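Novice: Structure supplied as run38.txt; contents: compact mmCIF, C-alpha atoms and all ligand atoms.
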# COMPACT_ATOMS: atom_id res chain seq x y z
CA MET A 29 -20.82 -51.21 69.89
CA LYS A 30 -18.30 -50.92 67.08
CA THR A 31 -19.53 -49.87 63.64
CA TYR A 32 -17.74 -51.00 60.48
CA ARG A 33 -18.55 -49.25 57.22
CA LEU A 34 -18.57 -51.57 54.22
CA ALA A 35 -18.00 -50.89 50.53
CA LEU A 36 -19.29 -53.74 48.37
CA ILE A 37 -17.45 -54.27 45.11
CA GLY A 38 -19.85 -56.44 43.12
CA PHE A 39 -23.56 -56.77 43.84
CA GLY A 40 -24.47 -60.00 42.10
CA ASN A 41 -25.68 -63.12 43.84
CA VAL A 42 -23.15 -63.03 46.66
CA GLY A 43 -23.47 -59.30 47.33
CA GLN A 44 -27.24 -59.61 47.44
CA GLY A 45 -26.96 -62.64 49.73
CA LEU A 46 -24.82 -60.56 52.08
CA ALA A 47 -27.29 -57.65 51.96
CA GLN A 48 -30.12 -60.06 52.73
CA ILE A 49 -28.30 -61.39 55.81
CA LEU A 50 -27.46 -57.87 57.04
CA ARG A 51 -31.09 -56.80 56.47
CA ASP A 52 -32.51 -59.80 58.36
CA ARG A 53 -29.88 -60.47 61.00
CA GLY A 54 -27.94 -57.21 61.40
CA PRO A 55 -29.55 -56.34 64.78
CA GLU A 56 -28.87 -59.84 66.14
CA LEU A 57 -25.20 -59.64 65.07
CA GLY A 58 -24.97 -56.31 66.87
CA GLU A 59 -26.48 -57.65 70.08
CA ARG A 60 -24.48 -60.88 70.19
CA TYR A 61 -21.11 -59.70 68.92
CA GLY A 62 -21.05 -55.96 69.56
CA ALA A 63 -20.50 -55.08 65.89
CA THR A 64 -22.66 -53.22 63.41
CA PHE A 65 -21.88 -53.66 59.71
CA GLN A 66 -23.19 -50.71 57.72
CA ILE A 67 -23.10 -50.67 53.93
CA VAL A 68 -21.95 -47.22 52.73
CA ALA A 69 -21.03 -48.00 49.12
CA VAL A 70 -21.95 -50.45 46.39
CA CYS A 71 -20.18 -50.60 43.07
CA ASP A 72 -21.39 -53.02 40.44
CA PHE A 73 -20.41 -53.05 36.81
CA LEU A 74 -23.97 -53.80 35.63
CA GLN A 75 -26.21 -52.37 38.33
CA GLY A 76 -24.54 -49.07 39.01
CA SER A 77 -22.68 -47.49 41.85
CA LEU A 78 -23.72 -45.55 44.95
CA TYR A 79 -21.98 -43.99 47.93
CA ASN A 80 -23.69 -42.57 50.98
CA PRO A 81 -21.42 -41.98 54.00
CA VAL A 82 -24.39 -42.18 56.39
CA GLY A 83 -25.35 -45.63 55.09
CA LEU A 84 -27.37 -47.44 52.43
CA ASP A 85 -30.27 -49.55 53.66
CA PRO A 86 -29.80 -53.17 52.50
CA ALA A 87 -33.61 -53.54 52.18
CA VAL A 88 -33.70 -50.59 49.77
CA LEU A 89 -30.77 -51.98 47.73
CA LEU A 90 -32.46 -55.37 47.42
CA ALA A 91 -35.84 -53.89 46.54
CA ALA A 92 -34.24 -51.76 43.80
CA VAL A 93 -32.57 -54.79 42.23
CA GLU A 94 -35.81 -56.73 42.38
CA ASN A 95 -38.05 -53.96 41.05
CA ASP A 96 -35.78 -52.01 38.68
CA GLY A 97 -33.04 -54.54 37.93
CA HIS A 98 -30.41 -51.95 38.96
CA LEU A 99 -29.44 -49.46 41.69
CA ARG A 100 -29.40 -46.25 39.70
CA ASN A 101 -32.80 -44.96 40.91
CA ILE A 102 -31.66 -44.83 44.54
CA GLU A 103 -30.79 -41.33 45.69
CA ALA A 104 -27.30 -40.98 47.08
CA PRO A 105 -24.83 -38.10 47.44
CA GLN A 106 -22.43 -39.88 45.11
CA GLN A 107 -23.35 -41.96 42.09
CA GLY A 108 -21.40 -43.56 39.29
CA TRP A 109 -18.01 -44.01 40.94
CA ASP A 110 -15.91 -46.82 39.46
CA ALA A 111 -14.32 -49.47 41.67
CA GLU A 112 -11.10 -47.50 42.24
CA GLU A 113 -12.98 -44.34 43.21
CA THR A 114 -15.26 -46.36 45.50
CA ILE A 115 -12.35 -48.11 47.21
CA SER A 116 -10.17 -45.06 47.72
CA GLY A 117 -12.85 -42.35 47.93
CA SER A 118 -15.40 -43.90 50.27
CA LYS A 119 -14.98 -43.74 54.03
CA ALA A 120 -15.28 -47.51 54.31
CA ASP A 121 -13.38 -49.54 56.90
CA ILE A 122 -13.81 -52.84 55.04
CA ILE A 123 -13.85 -53.48 51.30
CA VAL A 124 -15.90 -56.56 50.42
CA GLU A 125 -14.61 -57.84 47.08
CA MET A 126 -17.21 -59.95 45.26
CA SER A 127 -16.59 -59.21 41.60
CA TYR A 128 -16.34 -62.09 39.12
CA THR A 129 -13.59 -64.67 39.48
CA ASN A 130 -10.79 -64.89 36.94
CA LEU A 131 -8.30 -67.67 37.67
CA GLU A 132 -5.99 -66.69 34.80
CA THR A 133 -5.05 -63.13 35.73
CA GLY A 134 -6.94 -62.58 38.98
CA GLU A 135 -8.15 -59.24 37.58
CA PRO A 136 -9.85 -56.91 38.14
CA ALA A 137 -10.27 -58.27 41.68
CA THR A 138 -6.57 -58.29 42.56
CA SER A 139 -6.30 -54.57 41.79
CA HIS A 140 -9.36 -53.94 43.95
CA VAL A 141 -7.74 -55.79 46.86
CA ARG A 142 -4.39 -53.99 46.41
CA TRP A 143 -6.07 -50.56 46.35
CA ALA A 144 -8.01 -51.43 49.50
CA LEU A 145 -4.99 -52.65 51.46
CA GLN A 146 -2.85 -49.73 50.32
CA ALA A 147 -5.60 -47.37 51.55
CA GLY A 148 -5.44 -49.07 54.98
CA LYS A 149 -8.80 -50.81 54.59
CA HIS A 150 -9.56 -54.39 55.63
CA VAL A 151 -10.60 -56.82 52.91
CA ALA A 152 -13.11 -59.65 52.93
CA THR A 153 -13.32 -61.46 49.61
CA THR A 154 -15.12 -64.41 48.10
CA ASN A 155 -13.05 -64.09 44.94
CA LYS A 156 -10.70 -67.01 44.24
CA GLY A 157 -8.57 -65.11 41.71
CA PRO A 158 -6.56 -62.82 44.01
CA ILE A 159 -6.23 -65.44 46.74
CA ALA A 160 -5.16 -68.33 44.47
CA LEU A 161 -2.78 -66.23 42.38
CA HIS A 162 -1.42 -63.46 44.64
CA TYR A 163 -2.01 -64.36 48.28
CA ALA A 164 1.59 -64.02 49.52
CA GLU A 165 1.90 -60.50 48.14
CA LEU A 166 -1.53 -59.45 49.43
CA ALA A 167 -1.01 -60.92 52.90
CA ASP A 168 2.30 -59.07 53.11
CA MET A 169 0.64 -55.85 52.04
CA ALA A 170 -2.06 -56.37 54.69
CA ARG A 171 0.60 -56.87 57.39
CA GLN A 172 2.47 -53.73 56.34
CA ASN A 173 -0.72 -51.69 56.43
CA LYS A 174 -1.88 -53.30 59.70
CA VAL A 175 -5.18 -54.49 58.26
CA GLU A 176 -6.81 -57.89 57.83
CA ILE A 177 -7.50 -59.92 54.70
CA GLU A 178 -10.10 -62.67 54.97
CA ALA A 179 -11.31 -65.07 52.27
CA GLU A 180 -13.56 -67.74 53.78
CA GLY A 181 -15.91 -67.70 50.78
CA THR A 182 -13.23 -68.79 48.31
CA VAL A 183 -13.48 -72.44 49.40
CA MET A 184 -16.77 -74.23 50.26
CA SER A 185 -18.70 -70.93 50.46
CA GLY A 186 -19.69 -70.26 54.08
CA THR A 187 -18.83 -73.76 55.31
CA PRO A 188 -15.85 -72.76 57.46
CA ALA A 189 -13.13 -74.75 55.71
CA ILE A 190 -10.52 -71.99 55.91
CA HIS A 191 -11.24 -70.79 59.44
CA LEU A 192 -11.34 -74.41 60.67
CA GLY A 193 -8.01 -75.27 59.06
CA ARG A 194 -6.32 -71.97 59.92
CA ASP A 195 -7.66 -71.23 63.41
CA GLN A 196 -9.26 -74.24 65.06
CA LEU A 197 -6.69 -76.74 63.72
CA ALA A 198 -3.73 -74.41 64.30
CA GLY A 199 -0.94 -76.47 65.80
CA ALA A 200 -2.61 -79.81 65.00
CA GLY A 201 -0.17 -80.40 62.14
CA ILE A 202 -2.14 -80.67 58.91
CA LYS A 203 -0.25 -83.11 56.71
CA ARG A 204 -2.85 -83.86 54.07
CA ILE A 205 -6.02 -82.18 52.82
CA GLN A 206 -8.44 -84.06 50.63
CA GLY A 207 -11.82 -82.83 49.51
CA ILE A 208 -14.76 -82.55 47.19
CA LEU A 209 -14.28 -78.89 46.44
CA ASN A 210 -16.56 -78.29 43.46
CA GLY A 211 -20.33 -78.54 43.76
CA THR A 212 -21.10 -78.58 40.04
CA THR A 213 -19.01 -81.67 39.29
CA ASN A 214 -20.22 -83.52 42.37
CA TYR A 215 -23.78 -82.74 41.32
CA ILE A 216 -23.12 -84.01 37.79
CA LEU A 217 -21.52 -87.25 39.01
CA THR A 218 -24.40 -87.83 41.44
CA GLN A 219 -26.99 -87.25 38.70
CA MET A 220 -25.11 -89.60 36.36
CA GLU A 221 -25.29 -92.30 39.03
CA GLY A 222 -29.06 -91.86 38.87
CA GLY A 223 -28.88 -92.43 35.10
CA ALA A 224 -28.86 -88.82 33.81
CA SER A 225 -26.62 -87.98 30.86
CA TYR A 226 -23.59 -85.75 31.41
CA ALA A 227 -25.14 -82.97 29.26
CA ASP A 228 -28.48 -82.99 31.11
CA ALA A 229 -26.76 -83.04 34.51
CA LEU A 230 -24.54 -80.09 33.55
CA ARG A 231 -27.53 -78.12 32.28
CA GLU A 232 -29.36 -78.74 35.57
CA ALA A 233 -26.27 -77.61 37.56
CA GLN A 234 -26.35 -74.37 35.56
CA VAL A 235 -30.07 -73.90 36.20
CA GLN A 236 -29.50 -74.47 39.93
CA GLY A 237 -26.80 -71.77 39.88
CA TYR A 238 -23.90 -73.97 41.05
CA ALA A 239 -21.81 -73.65 37.90
CA GLU A 240 -19.41 -70.80 37.11
CA ALA A 241 -20.44 -68.39 34.32
CA ASP A 242 -18.29 -70.54 32.03
CA PRO A 243 -18.74 -74.10 33.35
CA THR A 244 -15.49 -75.22 31.68
CA GLY A 245 -13.79 -74.04 34.86
CA ASP A 246 -15.90 -76.49 36.86
CA VAL A 247 -15.86 -79.59 34.66
CA GLU A 248 -12.16 -79.32 33.79
CA GLY A 249 -11.24 -79.08 37.48
CA ILE A 250 -9.87 -75.52 37.23
CA ASP A 251 -12.17 -74.18 39.96
CA ALA A 252 -11.19 -77.06 42.27
CA ALA A 253 -7.49 -76.53 41.42
CA GLY A 254 -7.81 -72.87 42.47
CA LYS A 255 -9.22 -74.03 45.79
CA VAL A 256 -6.39 -76.57 46.19
CA VAL A 257 -3.86 -73.76 45.72
CA ILE A 258 -5.70 -71.58 48.25
CA LEU A 259 -5.79 -74.36 50.86
CA ALA A 260 -2.12 -75.27 50.36
CA ASN A 261 -0.98 -71.68 50.65
CA LEU A 262 -3.24 -70.48 53.47
CA LEU A 263 -3.27 -73.60 55.63
CA MET A 264 -0.07 -75.49 54.85
CA GLY A 265 2.37 -72.59 54.38
CA GLU A 266 3.12 -73.50 50.76
CA SER A 267 3.52 -71.18 47.78
CA LEU A 268 1.90 -73.21 45.03
CA THR A 269 0.69 -71.83 41.72
CA MET A 270 -2.08 -73.18 39.49
CA ALA A 271 0.57 -74.87 37.35
CA ASP A 272 1.71 -76.97 40.34
CA VAL A 273 -1.64 -78.76 40.51
CA LYS A 274 -1.86 -81.96 38.47
CA ARG A 275 -5.35 -81.66 37.03
CA THR A 276 -7.91 -83.85 35.28
CA GLY A 277 -11.59 -82.90 35.06
CA ILE A 278 -14.68 -85.08 34.74
CA THR A 279 -15.39 -84.62 31.01
CA GLY A 280 -13.96 -88.06 30.23
CA ILE A 281 -16.24 -89.92 32.66
CA THR A 282 -18.99 -91.83 30.87
CA LEU A 283 -22.18 -93.46 32.11
CA GLU A 284 -20.37 -96.80 31.54
CA ASP A 285 -17.55 -95.70 33.89
CA VAL A 286 -20.15 -94.73 36.51
CA GLY A 287 -21.90 -98.11 36.11
CA ALA A 288 -18.62 -100.04 36.36
CA ALA A 289 -17.75 -98.25 39.62
CA ARG A 290 -21.21 -99.00 41.02
CA ALA A 291 -20.87 -102.70 40.15
CA ALA A 292 -17.60 -102.77 42.09
CA GLY A 293 -19.13 -101.04 45.17
CA GLU A 294 -17.39 -97.77 44.36
CA ARG A 295 -18.27 -94.21 43.34
CA TRP A 296 -16.51 -91.60 41.20
CA LYS A 297 -15.65 -88.34 42.96
CA LEU A 298 -13.59 -85.38 41.77
CA ILE A 299 -11.05 -85.17 44.56
CA GLY A 300 -8.64 -82.34 45.33
CA THR A 301 -5.59 -83.45 47.31
CA ILE A 302 -2.64 -81.69 48.89
CA GLU A 303 -0.12 -83.93 50.57
CA ARG A 304 3.40 -83.69 51.95
CA LYS A 305 5.38 -86.78 50.97
CA ASN A 306 9.08 -87.15 51.72
CA GLY A 307 9.34 -83.39 52.26
CA GLN A 308 7.74 -82.69 48.87
CA ILE A 309 4.30 -81.18 48.36
CA GLN A 310 2.01 -82.88 45.88
CA ALA A 311 -1.22 -81.27 44.71
CA SER A 312 -3.82 -82.70 42.39
CA VAL A 313 -7.43 -82.62 41.22
CA GLN A 314 -8.64 -85.80 39.61
CA PRO A 315 -11.59 -88.18 39.36
CA VAL A 316 -11.07 -91.04 41.81
CA ARG A 317 -13.10 -94.22 42.39
CA LEU A 318 -13.75 -94.35 46.13
CA PRO A 319 -15.08 -97.37 48.03
CA LEU A 320 -18.54 -96.63 49.47
CA SER A 321 -17.05 -96.89 52.98
CA HIS A 322 -14.84 -93.82 52.34
CA PRO A 323 -16.15 -90.72 54.23
CA LEU A 324 -16.19 -88.64 51.03
CA ALA A 325 -18.09 -91.29 48.99
CA SER A 326 -21.44 -90.51 50.63
CA VAL A 327 -21.26 -86.77 49.95
CA SER A 328 -23.76 -86.25 47.15
CA GLY A 329 -25.26 -83.50 45.02
CA ALA A 330 -23.73 -80.02 45.20
CA THR A 331 -22.50 -80.60 48.76
CA ASN A 332 -18.76 -80.24 49.40
CA ALA A 333 -16.56 -81.93 51.99
CA ILE A 334 -13.01 -81.72 53.21
CA THR A 335 -10.87 -84.02 55.33
CA TYR A 336 -7.85 -82.66 57.19
CA ALA A 337 -5.40 -85.40 58.10
CA THR A 338 -3.53 -84.10 61.13
CA ASP A 339 -0.68 -85.29 63.34
CA LEU A 340 -2.51 -84.75 66.63
CA LEU A 341 -6.17 -85.47 65.85
CA GLY A 342 -6.04 -87.90 62.96
CA ASP A 343 -8.75 -87.14 60.40
CA VAL A 344 -11.16 -84.24 60.83
CA THR A 345 -13.92 -84.02 58.19
CA LEU A 346 -16.19 -81.08 57.45
CA VAL A 347 -19.26 -81.42 55.18
CA GLY A 348 -21.42 -78.55 53.95
CA PRO A 349 -22.58 -76.36 51.08
CA GLY A 350 -19.96 -75.25 48.58
CA ALA A 351 -21.92 -72.61 46.68
CA GLY A 352 -25.05 -70.48 46.83
CA ARG A 353 -26.20 -66.93 47.40
CA ILE A 354 -26.92 -67.00 51.13
CA GLU A 355 -24.22 -69.60 51.79
CA THR A 356 -21.51 -67.43 50.22
CA GLY A 357 -23.02 -64.25 51.67
CA TYR A 358 -22.61 -65.89 55.06
CA ALA A 359 -18.92 -66.52 54.30
CA VAL A 360 -18.52 -62.73 54.17
CA VAL A 361 -20.37 -62.35 57.48
CA SER A 362 -17.99 -64.85 59.10
CA ASP A 363 -15.06 -62.86 57.67
CA LEU A 364 -16.49 -59.59 59.02
CA LEU A 365 -16.80 -61.15 62.46
CA ALA A 366 -13.23 -62.49 62.18
CA ILE A 367 -12.00 -58.96 61.40
CA HIS A 368 -13.99 -57.65 64.38
CA ARG A 369 -12.41 -60.27 66.68
CA ALA A 370 -8.91 -59.48 65.39
CA LYS A 371 -9.40 -55.76 65.95
CA LYS A 372 -10.77 -56.21 69.49
CA GLN A 373 -7.48 -57.68 70.71
N1 LIG B 1 -18.83 -73.27 40.60
C1 LIG B 1 -18.42 -73.51 41.95
C2 LIG B 1 -18.88 -74.90 42.36
C3 LIG B 1 -19.01 -72.45 42.83
O1 LIG B 1 -19.61 -75.54 41.61
O2 LIG B 1 -18.48 -75.37 43.42
C4 LIG B 1 -18.30 -72.24 44.13
O3 LIG B 1 -16.95 -71.92 43.98
Written as structure tokens, that's how I'd like the structure from this file.
Ligand code: HSE

Specialist:
Amino acid sequence: MKTYRLALIGFGNVGQGLAQILRDRGPELGERYGATFQIVAVCDFLQGSLYNPVGLDPAVLLAAVENDGHLRNIEAPQQGWDAEETISGSKADIIVEMSYTNLETGEPATSHVRWALQAGKHVATTNKGPIALHYAELADMARQNKVEIEAEGTVMSGTPAIHLGRDQLAGAGIKRIQGILNGTTNYILTQMEGGASYADALREAQVQGYAEADPTGDVEGIDAAGKVVILANLLMGESLTMADVKRTGITGITLEDVGAARAAGERWKLIGTIERKNGQIQASVQPVRLPLSHPLASVSGATNAITYATDLLGDVTLVGPGAGRIETGYAVVSDLLAIHRAKKQ
């Protein structure tokens, strides 16, 4: 049995989802895959910071958040470390970066990832900022330090869009990727088809917890554009930036537009596309009217979907959740297992 010590940077929804999975399924993961994942440090801007080299019980962490609203009442040899002290000072093998996403600067998450890699620690992150903005540099740093960097949770939460494209479709020749990559906007468009107003649908998406802290990133297509950049760079060997993605959000779509599409047997979807055409890469996020027969047209609510058009297999489509506490916590688990598999070889 191999034990990996984890330091969690960020203990919001995703961190708690991960702790819940480790609490409930840790023994099963050990038995089936020969790996134990032990939390030794948690550092959260709001809830406090703890380090215990012999381990922090995920059940105790979760109970503290539920009962006290923070972690500061838990006894631990080290309390109050900031993220840098946690990353470099803790004896963790894997840094799990789950702080808030910033698609303008990528900070503070990019610094967290750099510190981790420079200290020779593996990284699993659900944070789109560092991966969309700085992946080439970080992947290079990981190679130099002989550690892994995994980021399944950055696209479609735990639905394995990245591992499928990168590992299972390796060699199949991905020539186009097209997907519904943002749950909030797909939820809003679906609700509008049922007659809800844009404002009511957005409010409900916020209540359900799909939307980003500032939902502008969702409705203007910025979140989806970040995912387009990540997919292009990780799966198609490109080096796109956010500015390379032609982007239109859904704020201009009215109930009349939705009705007109319905009358024509079509449906509006916010579609992210990456395509190689005549040797040139084209990337976009825009609302598109799809015929009901299109595989992406029937994907409703907060569900996401992605179609890989490949040379050898034709189209391969994956449908699944794109957000959520357990769903994104599971993305980290799949990254931890990927790191375990890479290190076994
Ligand atoms: N706000 C995002 C969405 C969350 O609605 O898809 C997952 O990145």

Novice: Enclose the full set of atoms of segment 69-76 of chain A listed in the file within a box whose edges lie along x, y and z, apply 4 Å of padding to each of the six sides, and report centre and edge lengths in Å to one decimal as AutoDock Vina command-line options.

Specialist:
--center_x -23.2 --center_y -50.9 --center_z 42.4 --size_x 14.0 --size_y 13.8 --size_z 21.5

Novice: List every protein, DNA or RNA residue with an atom no more than 12 Å from (-2.7, -73.8, 49.7) in the file's coordinates, counting all atoms listed in the file, and format the result as an MDAnalysis selection string.

Specialist: chainID A and resid 156 159:164 182:183 190 193:194 202:206 252:270 272:273 300:304 309:312

Novice: Go through A:Gly199, A:Pro323, A:Gly222, A:Gly157 one by one, measure the shortest atom-to-atom distance of each to ligand LIG 1 (chain B) using all atoms listed in the file, and give the residue with the smallest value.

Specialist: A:Gly157

Novice: Output as a tab-separated table one row per residue of chain A within 6 Å of ligand LIG 1 (chain B): the closest atom pair and its distance in Å to one decimal place, counting only C-alpha atoms and all ligand atoms, sorted by chain and residue number ascending.

Specialist:
residue	atom	partner	partner_atom	distance
A:Asn210	CA	B:LIG1	O2	3.5
A:Gly211	CA	B:LIG1	O2	3.7
A:Thr212	CA	B:LIG1	O1	3.7
A:Tyr238	CA	B:LIG1	O1	4.6
A:Ala239	CA	B:LIG1	N1	4.0
A:Glu240	CA	B:LIG1	N1	4.3
A:Asp246	CA	B:LIG1	N1	5.7
A:Gly350	CA	B:LIG1	O2	5.4
A:Ala351	CA	B:LIG1	C4	4.4

Novice: Name the residues in contact with Ile177 of chain A at a cut-off of 9 Å, using only C-alpha atoms, excluding same-chain residues fewer than 4 positions from it; report them as a PyMOL selection string.

Specialist: chain A and resi 141+145+150-153+166-167+170+363+367

Novice: Residues within 8 Å of Gly201 of chain A, please, as a PyMOL selection string. Count all atoms listed in the file; anything in the same chain fewer than 3 positions from it doesn't count.

Specialist: chain A and resi 197-198+338-340

Novice: Using only C-alpha atoms, which of the listed residues (A:Gly280, A:Gly83, A:Pro243, A:Gly342) sits closest to Ala35 of chain A?

Specialist: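 That would be A:Gly83, the residue with the smallest distance to Ala35 of chain A.
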